[in-house]
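Q: Have a peek at entry15.csv (CSV, C-alpha atoms and all ligand atoms).
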```csv
chain,number,residue,atom,x,y,z
A,1008,MET,CA,36.2,-38.0,91.4
A,1009,SER,CA,35.2,-36.0,94.4
A,1010,GLY,CA,32.5,-37.1,96.7
A,1011,ASP,CA,32.7,-40.8,96.0
A,1012,ALA,CA,32.6,-42.6,99.3
A,1013,ASP,CA,34.9,-45.5,98.2
A,1014,LEU,CA,37.8,-43.1,97.3
A,1015,VAL,CA,40.6,-43.1,99.8
A,1016,ALA,CA,42.4,-40.0,101.0
A,1017,ILE,CA,46.2,-40.6,100.8
A,1018,ILE,CA,47.0,-37.1,102.0
A,1019,ARG,CA,45.0,-35.1,104.5
A,1020,THR,CA,46.0,-31.8,106.0
A,1021,VAL,CA,44.6,-30.6,109.3
A,1022,ASP,CA,44.8,-26.8,109.8
A,1023,LEU,CA,48.2,-27.0,108.2
A,1024,THR,CA,50.0,-23.7,108.8
A,1025,LYS,CA,53.4,-22.3,108.1
A,1026,ARG,CA,54.5,-18.8,109.2
A,1027,PHE,CA,57.7,-17.1,108.2
A,1028,GLU,CA,57.9,-14.3,110.8
A,1029,ASP,CA,54.8,-12.1,110.0
A,1030,VAL,CA,53.9,-13.9,106.8
A,1031,ALA,CA,51.4,-16.8,107.0
A,1032,ALA,CA,52.7,-18.6,103.9
A,1033,VAL,CA,50.2,-21.4,104.5
A,1034,ASP,CA,47.2,-20.6,106.7
A,1035,ASN,CA,45.0,-23.3,108.2
A,1036,LEU,CA,44.9,-25.4,105.1
A,1037,ASN,CA,42.5,-28.3,105.2
A,1038,LEU,CA,42.8,-30.5,102.1
A,1039,SER,CA,42.3,-34.1,101.1
A,1040,ILE,CA,44.1,-35.8,98.2
A,1041,GLU,CA,42.8,-39.1,96.9
A,1042,ASP,CA,44.8,-42.2,96.2
A,1043,GLY,CA,45.8,-42.4,92.5
A,1044,GLU,CA,44.8,-38.9,91.4
A,1045,ILE,CA,46.8,-36.0,89.9
A,1046,PHE,CA,46.0,-33.2,92.3
A,1047,GLY,CA,46.8,-29.8,91.0
A,1048,LEU,CA,47.7,-27.0,93.4
A,1049,LEU,CA,47.1,-23.9,91.4
A,1050,GLY,CA,47.7,-20.3,92.5
A,1051,PRO,CA,49.6,-17.1,91.8
A,1052,ASN,CA,53.2,-16.5,92.9
A,1053,GLY,CA,53.4,-16.5,96.7
A,1054,ALA,CA,50.1,-18.3,97.2
A,1055,GLY,CA,51.8,-21.0,99.4
A,1056,LYS,CA,52.0,-23.9,97.0
A,1057,THR,CA,55.7,-24.7,97.4
A,1058,THR,CA,55.5,-24.2,101.2
A,1059,THR,CA,52.6,-26.7,101.3
A,1060,VAL,CA,54.6,-29.2,99.2
A,1061,LEU,CA,57.7,-28.8,101.4
A,1062,MET,CA,55.7,-29.5,104.5
A,1063,LEU,CA,54.0,-32.5,103.0
A,1064,SER,CA,57.3,-33.9,101.9
A,1065,THR,CA,58.9,-33.3,105.4
A,1066,VAL,CA,61.5,-30.8,104.1
A,1067,ILE,CA,60.1,-28.1,106.5
A,1068,LYS,CA,58.1,-28.4,109.6
A,1069,PRO,CA,54.6,-26.9,110.0
A,1070,THR,CA,54.2,-24.0,112.6
A,1071,ASN,CA,50.7,-25.3,113.5
A,1072,GLY,CA,48.4,-28.1,112.4
A,1073,THR,CA,49.7,-31.2,110.6
A,1074,ALA,CA,49.3,-33.5,107.7
A,1075,PHE,CA,48.9,-37.2,107.2
A,1076,VAL,CA,50.7,-38.7,104.2
A,1077,GLY,CA,49.8,-42.3,103.7
A,1078,ASP,CA,49.1,-43.4,107.3
A,1079,PHE,CA,51.9,-41.2,108.8
A,1080,ASP,CA,51.9,-37.8,110.5
A,1081,VAL,CA,54.5,-35.5,109.0
A,1082,ARG,CA,55.4,-34.3,112.4
A,1083,LYS,CA,55.6,-37.6,114.3
A,1084,ASN,CA,56.8,-40.0,111.6
A,1085,PRO,CA,58.7,-38.0,108.9
A,1086,ASN,CA,61.0,-41.0,108.1
A,1087,ASP,CA,58.0,-43.2,107.3
A,1088,VAL,CA,56.6,-40.4,105.1
A,1089,ARG,CA,59.9,-40.1,103.2
A,1090,LYS,CA,59.8,-43.8,102.2
A,1091,LEU,CA,56.6,-43.1,100.3
A,1092,ILE,CA,57.5,-40.0,98.4
A,1093,GLY,CA,59.5,-38.5,95.6
A,1094,ILE,CA,59.9,-34.8,94.9
A,1095,CYS,CA,60.8,-32.7,91.9
A,1096,PHE,CA,61.8,-29.4,93.5
A,1097,GLN,CA,60.8,-26.0,92.0
A,1098,GLU,CA,64.4,-25.0,92.4
A,1099,PRO,CA,66.6,-27.9,91.7
A,1100,LYS,CA,69.3,-28.0,94.4
A,1101,LEU,CA,73.0,-27.5,93.5
A,1102,LEU,CA,74.2,-30.8,92.5
A,1103,TRP,CA,77.5,-32.1,93.8
A,1104,VAL,CA,77.7,-34.9,91.3
A,1105,SER,CA,78.9,-33.7,87.9
A,1106,THR,CA,76.7,-34.9,85.1
A,1107,PRO,CA,73.0,-35.7,84.4
A,1108,TRP,CA,73.8,-39.4,84.2
A,1109,ASP,CA,75.7,-39.3,87.6
A,1110,VAL,CA,72.8,-37.4,89.2
A,1111,LEU,CA,70.3,-39.9,88.1
A,1112,ASN,CA,72.4,-43.0,88.6
A,1113,TRP,CA,73.1,-41.9,92.2
A,1114,HIS,CA,69.4,-41.1,92.7
A,1115,ALA,CA,68.4,-44.6,91.4
A,1116,LYS,CA,71.0,-46.2,93.7
A,1117,VAL,CA,69.6,-44.3,96.7
A,1118,CYS,CA,66.1,-45.5,95.7
A,1119,GLY,CA,67.4,-49.1,95.9
A,1120,LEU,CA,67.3,-50.1,92.2
A,1121,ALA,CA,69.4,-53.1,91.4
A,1122,THR,CA,72.3,-52.6,88.9
A,1123,GLU,CA,70.7,-53.9,85.7
A,1124,GLU,CA,67.3,-52.2,86.4
A,1125,ARG,CA,69.1,-49.0,87.3
A,1126,LYS,CA,71.0,-48.9,84.1
A,1127,ARG,CA,68.0,-49.6,82.0
A,1128,ARG,CA,65.7,-47.1,83.7
A,1129,VAL,CA,68.3,-44.3,83.8
A,1130,LYS,CA,68.9,-44.7,80.1
A,1131,GLN,CA,65.2,-44.9,79.3
A,1132,VAL,CA,64.2,-41.8,81.3
A,1133,LEU,CA,67.2,-39.8,80.0
A,1134,ASN,CA,65.9,-40.6,76.5
A,1135,ASP,CA,62.3,-39.8,77.5
A,1136,VAL,CA,63.3,-36.3,78.8
A,1137,ASN,CA,65.6,-35.7,75.8
A,1138,MET,CA,68.7,-35.6,77.9
A,1139,TRP,CA,70.5,-38.7,76.6
A,1140,GLU,CA,72.8,-36.7,74.3
A,1141,ALA,CA,73.6,-34.3,77.1
A,1142,ARG,CA,74.1,-37.0,79.7
A,1143,ARG,CA,77.9,-36.4,80.1
A,1144,LYS,CA,77.7,-32.6,80.2
A,1145,SER,CA,78.7,-30.8,83.4
A,1146,VAL,CA,75.5,-29.9,85.3
A,1147,HIS,CA,76.9,-26.4,85.8
A,1148,GLY,CA,76.7,-25.9,82.1
A,1149,LEU,CA,73.0,-26.9,81.8
A,1150,SER,CA,70.3,-24.5,80.8
A,1151,GLY,CA,67.4,-23.9,83.2
A,1152,GLY,CA,65.1,-26.1,81.2
A,1153,MET,CA,67.7,-28.9,81.0
A,1154,ARG,CA,68.2,-28.8,84.8
A,1155,LYS,CA,64.4,-29.1,85.2
A,1156,ARG,CA,64.4,-32.1,82.9
A,1157,VAL,CA,67.0,-33.8,85.1
A,1158,GLU,CA,64.9,-32.8,88.2
A,1159,ILE,CA,61.7,-34.4,86.9
A,1160,ALA,CA,63.7,-37.4,85.6
A,1161,LYS,CA,64.5,-38.3,89.3
A,1162,VAL,CA,60.8,-38.8,90.1
A,1163,LEU,CA,60.2,-40.7,86.8
A,1164,ILE,CA,63.0,-43.1,87.7
A,1165,GLN,CA,61.9,-43.5,91.3
A,1166,ARG,CA,58.2,-44.0,90.6
A,1167,PRO,CA,57.3,-43.2,94.2
A,1168,LYS,CA,53.9,-44.0,95.7
A,1169,ILE,CA,53.4,-40.3,96.1
A,1170,ALA,CA,55.1,-37.8,93.8
A,1171,PHE,CA,55.4,-34.1,94.5
A,1172,VAL,CA,56.1,-32.2,91.3
A,1173,ASP,CA,56.6,-28.4,91.8
A,1174,GLU,CA,56.4,-26.5,88.6
A,1175,PRO,CA,57.7,-29.5,86.7
A,1176,THR,CA,57.7,-27.9,83.3
A,1177,ALA,CA,58.8,-24.4,84.1
A,1178,GLN,CA,61.4,-23.2,81.6
A,1179,ILE,CA,60.8,-26.3,79.4
A,1180,ASP,CA,59.8,-25.8,75.8
A,1181,VAL,CA,56.3,-26.7,74.5
A,1182,ILE,CA,57.2,-30.1,73.0
A,1183,GLY,CA,59.1,-31.0,76.2
A,1184,LYS,CA,56.1,-29.9,78.3
A,1185,HIS,CA,53.7,-32.2,76.4
A,1186,LYS,CA,56.1,-35.2,76.8
A,1187,ILE,CA,56.5,-34.6,80.5
A,1188,TRP,CA,52.7,-34.2,81.0
A,1189,ASN,CA,52.3,-37.6,79.3
A,1190,MET,CA,54.9,-39.2,81.5
A,1191,ILE,CA,53.2,-37.7,84.6
A,1192,ARG,CA,49.9,-39.2,83.4
A,1193,GLN,CA,51.6,-42.5,82.9
A,1194,LEU,CA,53.0,-42.4,86.4
A,1195,ARG,CA,49.5,-41.9,87.7
A,1196,ASP,CA,48.2,-44.7,85.5
A,1197,GLU,CA,50.8,-47.0,87.1
A,1198,GLY,CA,49.4,-46.2,90.5
A,1199,SER,CA,51.2,-43.2,91.9
A,1200,THR,CA,49.4,-40.2,93.4
A,1201,ILE,CA,50.8,-36.9,92.0
A,1202,ILE,CA,50.7,-33.6,93.6
A,1203,LEU,CA,51.3,-31.0,91.0
A,1204,ALA,CA,52.1,-27.4,92.1
A,1205,THR,CA,51.8,-24.9,89.3
A,1206,ASN,CA,50.9,-21.4,88.4
A,1207,GLU,CA,50.3,-22.4,84.8
A,1208,LEU,CA,46.5,-22.4,84.2
A,1209,TYR,CA,46.7,-24.7,81.2
A,1210,GLU,CA,49.0,-27.2,82.9
A,1211,ALA,CA,46.7,-27.5,85.9
A,1212,ASP,CA,43.7,-27.8,83.6
A,1213,VAL,CA,44.9,-30.5,81.2
A,1214,LEU,CA,46.8,-32.6,83.8
A,1215,SER,CA,44.8,-32.5,87.0
A,1216,ASP,CA,42.0,-34.9,88.0
A,1217,ARG,CA,41.2,-32.3,90.6
A,1218,VAL,CA,42.5,-28.8,91.3
A,1219,GLY,CA,42.8,-26.9,94.5
A,1220,ILE,CA,43.1,-23.2,93.9
A,1221,MET,CA,45.3,-21.5,96.6
A,1222,HIS,CA,45.3,-17.8,97.4
A,1223,LYS,CA,47.2,-16.1,100.3
A,1224,GLY,CA,48.0,-19.4,102.0
A,1225,GLY,CA,44.4,-20.8,101.9
A,1226,LEU,CA,42.3,-22.9,99.7
A,1227,LEU,CA,39.7,-21.0,97.6
A,1228,VAL,CA,38.0,-24.0,96.0
A,1229,CYS,CA,38.7,-27.6,95.2
A,1230,ASP,CA,37.1,-29.8,92.5
A,1231,THR,CA,37.6,-31.2,89.1
A,1232,PRO,CA,38.5,-28.6,86.5
A,1233,ARG,CA,35.2,-29.3,84.7
A,1234,THR,CA,33.1,-28.7,87.8
A,1235,LEU,CA,35.1,-25.6,88.8
A,1236,LYS,CA,34.5,-24.1,85.3
A,1237,ASP,CA,30.8,-25.1,85.3
A,1238,SER,CA,30.4,-23.5,88.7
A,1239,ILE,CA,30.7,-20.0,87.2
A,1240,PRO,CA,27.2,-18.9,86.4
A,1241,GLY,CA,27.0,-18.2,82.6
A,1242,GLY,CA,30.6,-19.1,82.3
A,1243,ASP,CA,30.3,-20.7,78.8
A,1244,ILE,CA,29.9,-18.4,75.9
A,1245,VAL,CA,28.2,-19.4,72.6
A,1246,GLU,CA,28.2,-16.9,69.6
A,1247,ILE,CA,25.6,-17.6,67.0
A,1248,HIS,CA,25.5,-16.0,63.6
A,1249,LEU,CA,22.2,-16.4,61.7
A,1250,GLU,CA,21.1,-16.0,58.2
A,1251,LYS,CA,18.0,-14.0,59.2
A,1252,GLU,CA,17.2,-11.9,62.3
A,1253,ALA,CA,16.4,-13.7,65.5
A,1254,THR,CA,12.7,-13.5,66.4
A,1255,ASP,CA,11.3,-12.7,69.9
A,1256,LYS,CA,9.8,-16.1,70.0
A,1257,VAL,CA,13.1,-17.9,69.7
A,1258,LEU,CA,14.7,-15.6,72.2
A,1259,GLU,CA,11.9,-16.3,74.7
A,1260,GLU,CA,12.4,-20.0,74.2
A,1261,LEU,CA,16.2,-19.8,74.8
A,1262,LYS,CA,15.7,-17.5,77.9
A,1263,SER,CA,13.4,-20.1,79.4
A,1264,LEU,CA,16.2,-22.7,79.5
A,1265,LYS,CA,17.6,-22.8,83.0
A,1266,GLU,CA,21.2,-23.2,81.9
A,1267,ILE,CA,21.1,-19.9,79.9
A,1268,SER,CA,21.9,-16.9,82.1
A,1269,ASP,CA,21.9,-14.1,79.6
A,1270,ILE,CA,21.6,-13.3,75.9
A,1271,ALA,CA,23.3,-10.3,74.3
A,1272,GLU,CA,22.4,-9.2,70.8
A,1273,ILE,CA,25.6,-8.2,69.0
A,1274,ASN,CA,23.4,-7.3,66.1
A,1275,PRO,CA,20.0,-8.6,65.0
A,1276,LYS,CA,21.6,-11.6,63.2
A,1277,SER,CA,24.3,-12.3,65.8
A,1278,LEU,CA,23.8,-13.4,69.4
A,1279,ARG,CA,26.1,-14.0,72.4
A,1280,VAL,CA,24.6,-16.5,74.8
A,1281,TYR,CA,26.0,-16.9,78.4
A,1282,LEU,CA,25.3,-20.3,79.7
A,1283,ASN,CA,26.4,-23.5,81.6
A,1284,ASN,CA,26.7,-27.1,80.4
A,1285,VAL,CA,27.5,-26.0,76.9
A,1286,GLU,CA,27.7,-29.5,75.5
A,1287,GLU,CA,24.1,-30.3,76.5
A,1288,VAL,CA,22.6,-27.0,75.7
A,1289,VAL,CA,24.0,-26.3,72.3
A,1290,PRO,CA,21.9,-29.0,70.6
A,1291,GLN,CA,18.8,-27.5,72.2
A,1292,ILE,CA,19.7,-24.0,70.9
A,1293,MET,CA,20.2,-25.4,67.4
A,1294,LYS,CA,16.9,-27.2,67.5
A,1295,ALA,CA,15.1,-24.0,68.6
A,1296,PHE,CA,16.5,-22.1,65.6
A,1297,LEU,CA,16.0,-24.8,63.0
A,1298,LYS,CA,12.4,-25.6,63.9
A,1299,ARG,CA,11.6,-21.9,63.2
A,1300,ASN,CA,13.4,-22.0,59.9
A,1301,LEU,CA,16.2,-19.7,61.1
A,1302,PRO,CA,19.3,-21.2,59.6
A,1303,ILE,CA,22.6,-20.9,61.6
A,1304,LEU,CA,25.5,-19.7,59.5
A,1305,SER,CA,28.1,-20.3,62.2
A,1306,ILE,CA,28.4,-21.1,65.9
A,1307,LYS,CA,31.5,-20.5,68.1
A,1308,MET,CA,31.8,-21.9,71.6
A,1309,SER,CA,34.3,-20.9,74.3
A,1310,GLU,CA,34.4,-22.2,77.8
A,1311,PRO,CA,35.8,-20.4,80.9
A,1312,SER,CA,39.3,-21.0,82.0
A,1313,LEU,CA,40.5,-21.7,85.5
A,1314,ASP,CA,41.6,-18.1,85.5
A,1315,ASP,CA,37.9,-17.2,85.2
A,1316,VAL,CA,37.3,-19.4,88.2
A,1317,PHE,CA,40.0,-17.5,90.1
A,1318,VAL,CA,38.4,-14.2,89.0
A,1319,HIS,CA,35.0,-15.4,90.1
A,1320,TYR,CA,36.2,-16.1,93.7
A,1321,THR,CA,38.7,-13.3,94.1
A,1322,GLY,CA,37.8,-10.5,91.7
A,1323,LEU,CA,41.3,-10.7,90.3
A,1324,THR,CA,43.0,-12.6,87.5
A,1325,ILE,CA,45.9,-14.8,88.6
A,1326,GLU,CA,48.2,-12.3,86.8
A,1327,GLU,CA,46.7,-9.4,88.8
A,1328,ALA,CA,47.0,-11.3,92.1
A,1329,GLN,CA,50.7,-12.0,91.2
A,1330,GLN,CA,51.3,-8.3,90.5
A,1331,LYS,CA,49.8,-7.4,93.8
A,1332,MET,CA,51.9,-10.0,95.6
A,1333,ILE,CA,55.1,-8.7,94.0
A,1334,LYS,CA,54.2,-5.1,95.0
A,1335,GLY,CA,53.7,-6.4,98.6
A,1336,GLU,CA,50.0,-5.5,98.6
A,1337,ALA,CA,48.8,-9.1,99.1
A,1338,ASP,CA,47.4,-8.4,102.6
A,1339,GLY,CA,45.3,-5.5,101.3
A,1401,LIG,N1,62.0,-19.5,103.6
A,1401,LIG,C1,61.2,-18.5,103.6
A,1401,LIG,N2,61.4,-17.4,104.4
A,1401,LIG,C2,60.5,-16.4,104.4
A,1401,LIG,N3,59.4,-16.3,103.6
A,1401,LIG,C3,59.1,-17.4,102.8
A,1401,LIG,C4,60.0,-18.5,102.7
A,1401,LIG,N4,59.5,-19.4,101.8
A,1401,LIG,C5,58.3,-18.8,101.4
A,1401,LIG,N5,58.1,-17.6,101.9
A,1401,LIG,C6,57.0,-16.7,101.7
A,1401,LIG,O1,55.8,-17.5,101.8
A,1401,LIG,C7,54.9,-17.1,100.8
A,1401,LIG,C8,54.5,-18.4,100.0
A,1401,LIG,O2,55.6,-18.8,99.2
A,1401,LIG,P1,55.6,-20.1,98.3
A,1401,LIG,O3,57.0,-20.2,97.8
A,1401,LIG,O4,55.0,-21.2,99.1
A,1401,LIG,O5,54.6,-19.6,97.1
A,1401,LIG,P2,54.2,-20.4,95.8
A,1401,LIG,O6,52.8,-20.5,95.7
A,1401,LIG,O7,55.0,-21.6,95.6
A,1401,LIG,O8,54.7,-19.3,94.7
A,1401,LIG,P3,55.4,-19.5,93.2
A,1401,LIG,O9,54.3,-19.6,92.2
A,1401,LIG,O10,56.1,-18.2,93.0
A,1401,LIG,O11,56.3,-20.7,93.3
A,1401,LIG,C9,55.5,-16.0,100.0
A,1401,LIG,O12,55.0,-14.8,100.6
A,1401,LIG,C10,57.0,-16.2,100.3
A,1401,LIG,O13,57.6,-15.0,100.2
A,1402,MG,MG,56.4,-22.3,94.3
```
Go through the file and emit its structure as structure tokens.
Ligand SMILES: Nc1ncnc2c1ncn2[C@@H]1O[C@H](COP(=O)(O)OP(=O)(O)OP(=O)(O)O)[C@@H](O)[C@H]1O
Ligand SMILES: [Mg+2]

A:
Amino acid sequence: MSGDADLVAIIRTVDLTKRFEDVAAVDNLNLSIEDGEIFGLLGPNGAGKTTTVLMLSTVIKPTNGTAFVGDFDVRKNPNDVRKLIGICFQEPKLLWVSTPWDVLNWHAKVCGLATEERKRRVKQVLNDVNMWEARRKSVHGLSGGMRKRVEIAKVLIQRPKIAFVDEPTAQIDVIGKHKIWNMIRQLRDEGSTIILATNELYEADVLSDRVGIMHKGGLLVCDTPRTLKDSIPGGDIVEIHLEKEATDKVLEELKSLKEISDIAEINPKSLRVYLNNVEEVVPQIMKAFLKRNLPILSIKMSEPSLDDVFVHYTGLTIEEAQQKMIKGEADG
């Protein structure tokens, strides 16, 4: 998606910065989000994702810089911004209304849905997030995952032009996660732009059209998950097990392919090939063996994860960066 001239930025940040005393939670962030995409903000705990989301949704004010949401400046026209957006908070606020049904019915009212439409949509979304049975439970008795389901349901009922979803499936079980991912995709397909803040690599990878990886309040890289993964030299790995030993000739031919960065011999009949563009190169690899009458017994492919992308740019896994942050060493 990136780079196409006809795509329109619906959100643009300009040196967006938020300081909390001596901590730059968001540090000169320049970022552009396109109309109609699911944009994943991925990063370890403390990277600045929530702070970014809260500034874009006008919940908190930037210390420096600004952001444009739709045509509006979050500093100058916060009320206009609020008309465009919906938000699923990372930490759902304490609810003063008593049951999931009340929360959502009230939210739908505030969003201006007429009575019949409101009833229909609240029922539909409560069913979709598996909370229909629990709709009359006291919110104070809900589990963490159930609270999160109610929180994401608010956005699904509202269908805002721009939806901020901050860790939308944290604490939710695997089946629930998949259902919610599908609903978020559907929201995008119906025309909403989604900003997804997450520290779950898999969630960012499967859901996002583009991902911006944040670290220490800044943006490390930003592109489609595919392009980010392909940007790691030799990031794809193919293991090949042969019936006979590989010959020098075939190894030479493979090494001459520009996509192949390295070949390791696990043993004379087994090779590990580090490469890029695995889908395009594997047929060429197979051809090279077959034309020399070297049958392949098995072939196993693995592609890099977004964690490998993070490692490539920071030297740390997301988990390690998180541990450092927790220990207060993030500035080191
Ligand atoms: N209200 C606040 N007061 C002081 N410091 C804050 C406040 N909110 C956030 N911070 C700090 O700003 C930094 C970024 O926090 P933020 O919540 O934006 O991170 P995050 O990327 O959303 O992390 P997580 O994955 O844990 O949700 C952290 O160092 C955090 O301690
Ligand atoms: Mg957060």

Q: Please determine, counting all atoms listed in the file, which residue among A:Thr1106, A:Asn1300, A:Thr1057, A:Ser1150 has the shortest atom-to-atom distance to ligand MG 1402 (chain A).

A: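 Going through A:Thr1106, A:Asn1300, A:Thr1057, A:Ser1150 one by one, the smallest distance to ligand MG 1402 (chain A) is for A:Thr1057.
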
Q: Would you mind listing what lies within 12 Å of Tyr1209 (chain A) as a list in words, with all atoms listed in the file counted and same-chain residues fewer than 2 positions away left out?

A: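 These residues fall inside the cut-off: Gly1047, Leu1049, Thr1176, Val1181, Lys1184, His1185, Trp1188, Thr1205, Asn1206, Glu1207, Ala1211, Asp1212, Val1213, Leu1214, Ser1215, Val1218, Pro1232, Pro1311, Ser1312, Leu1313 and Asp1314 of chain A.
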
Q: Let me have all residues with an atom within 10 Å of ligand LIG 1401 (chain A), counting only C-alpha atoms and all ligand atoms, laid out as a count of residues only.

A: 42

Q: Just the number, please: distance in Å from CA of Lys1068 (chain A) to CA of Val1081 (chain A), one decimal.

A: 8.0 Å

Q: Please check which residues have atoms at most 8 Å from (28.2, -18.0, 63.4) in the file's coordinates, counting all atoms listed in the file, and write them as number ranges by chain.

A: A: 1246-1249, 1277, 1303-1307

Q: Between CA of Val1257 (chain A) and CA of Ala1295 (chain A), measure the distance and give it in Å to one decimal.

A: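 The value is 6.5 Å.
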
Q: What does the distance from CA of Leu1258 (chain A) to CA of Ser1309 (chain A) come to in Å, to one decimal?

A: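 Taking CA of Leu1258 (chain A) as the start and CA of Ser1309 (chain A) as the end point, the length is 20.4 Å.
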
Q: Using only C-alpha atoms and all ligand atoms, find the one residue out of A:Gln1193, A:Thr1070, A:Pro1175, A:Glu1272 that sits nearest to ligand MG 1402 (chain A).

A: A:Pro1175

Q: Show which residues sit within 10 Å of Arg1154 (chain A), as a list of chain:residue names. Count all atoms listed in the file, and ignore same-chain residues fewer than 4 positions away.

A: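 Non-adjacent residues within range: A:Glu1098, A:Pro1099, A:Lys1100, A:Leu1102, A:Pro1107, A:Met1138, A:Val1146, A:His1147, A:Gly1148, A:Leu1149, A:Ser1150, A:Glu1158, A:Ile1159, A:Ala1160, A:Gln1178, A:Ile1179.
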
Q: Calculated over all atoms listed in the file, which of the candidates A:Gly1225, A:Thr1073, A:Met1190, A:Leu1203 has the smallest distance to ligand MG 1402 (chain A)?

A: A:Leu1203

Q: Which residues are close to Asp1080 (chain A), i.e. within 12 Å by only C-alpha atoms, leaving aside same-chain residues fewer than 2 positions away? Reply as a PyMOL selection string.

A: chain A and resi 1017-1021+1023+1062-1065+1068-1069+1072-1078+1082-1089

Q: Which residue, A:Trp1113, A:Tyr1281, A:Phe1096, A:Phe1296, has the smallest gap to ligand MG 1402 (chain A) when you use all atoms listed in the file?

A: A:Phe1096

Q: Rank nothing, just name the residue among A:Val1162, A:Val1172, A:Cys1118, A:Leu1264 nearest to ligand MG 1402 (chain A), using only C-alpha atoms and all ligand atoms.

A: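 The answer is A:Val1172, which sits nearest to ligand MG 1402 (chain A).
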
Q: Nearest to ligand MG 1402 (chain A): which of A:Ile1273, A:Glu1252, A:Phe1171, A:Tyr1320 is it, counting only C-alpha atoms and all ligand atoms?

A: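 Between A:Ile1273, A:Glu1252, A:Phe1171, A:Tyr1320, the residue approaching ligand MG 1402 (chain A) most closely is A:Phe1171.
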
Q: Taking 6 positions as the minimum chain separation for residues in the same chain, which residues sit within 10 Å of Ile1270 (chain A) when counting all atoms listed in the file? Answer as a VMD selection string.

A: chain A and resid 1241 1244 to 1246 1258 1261 to 1262 1278 to 1282
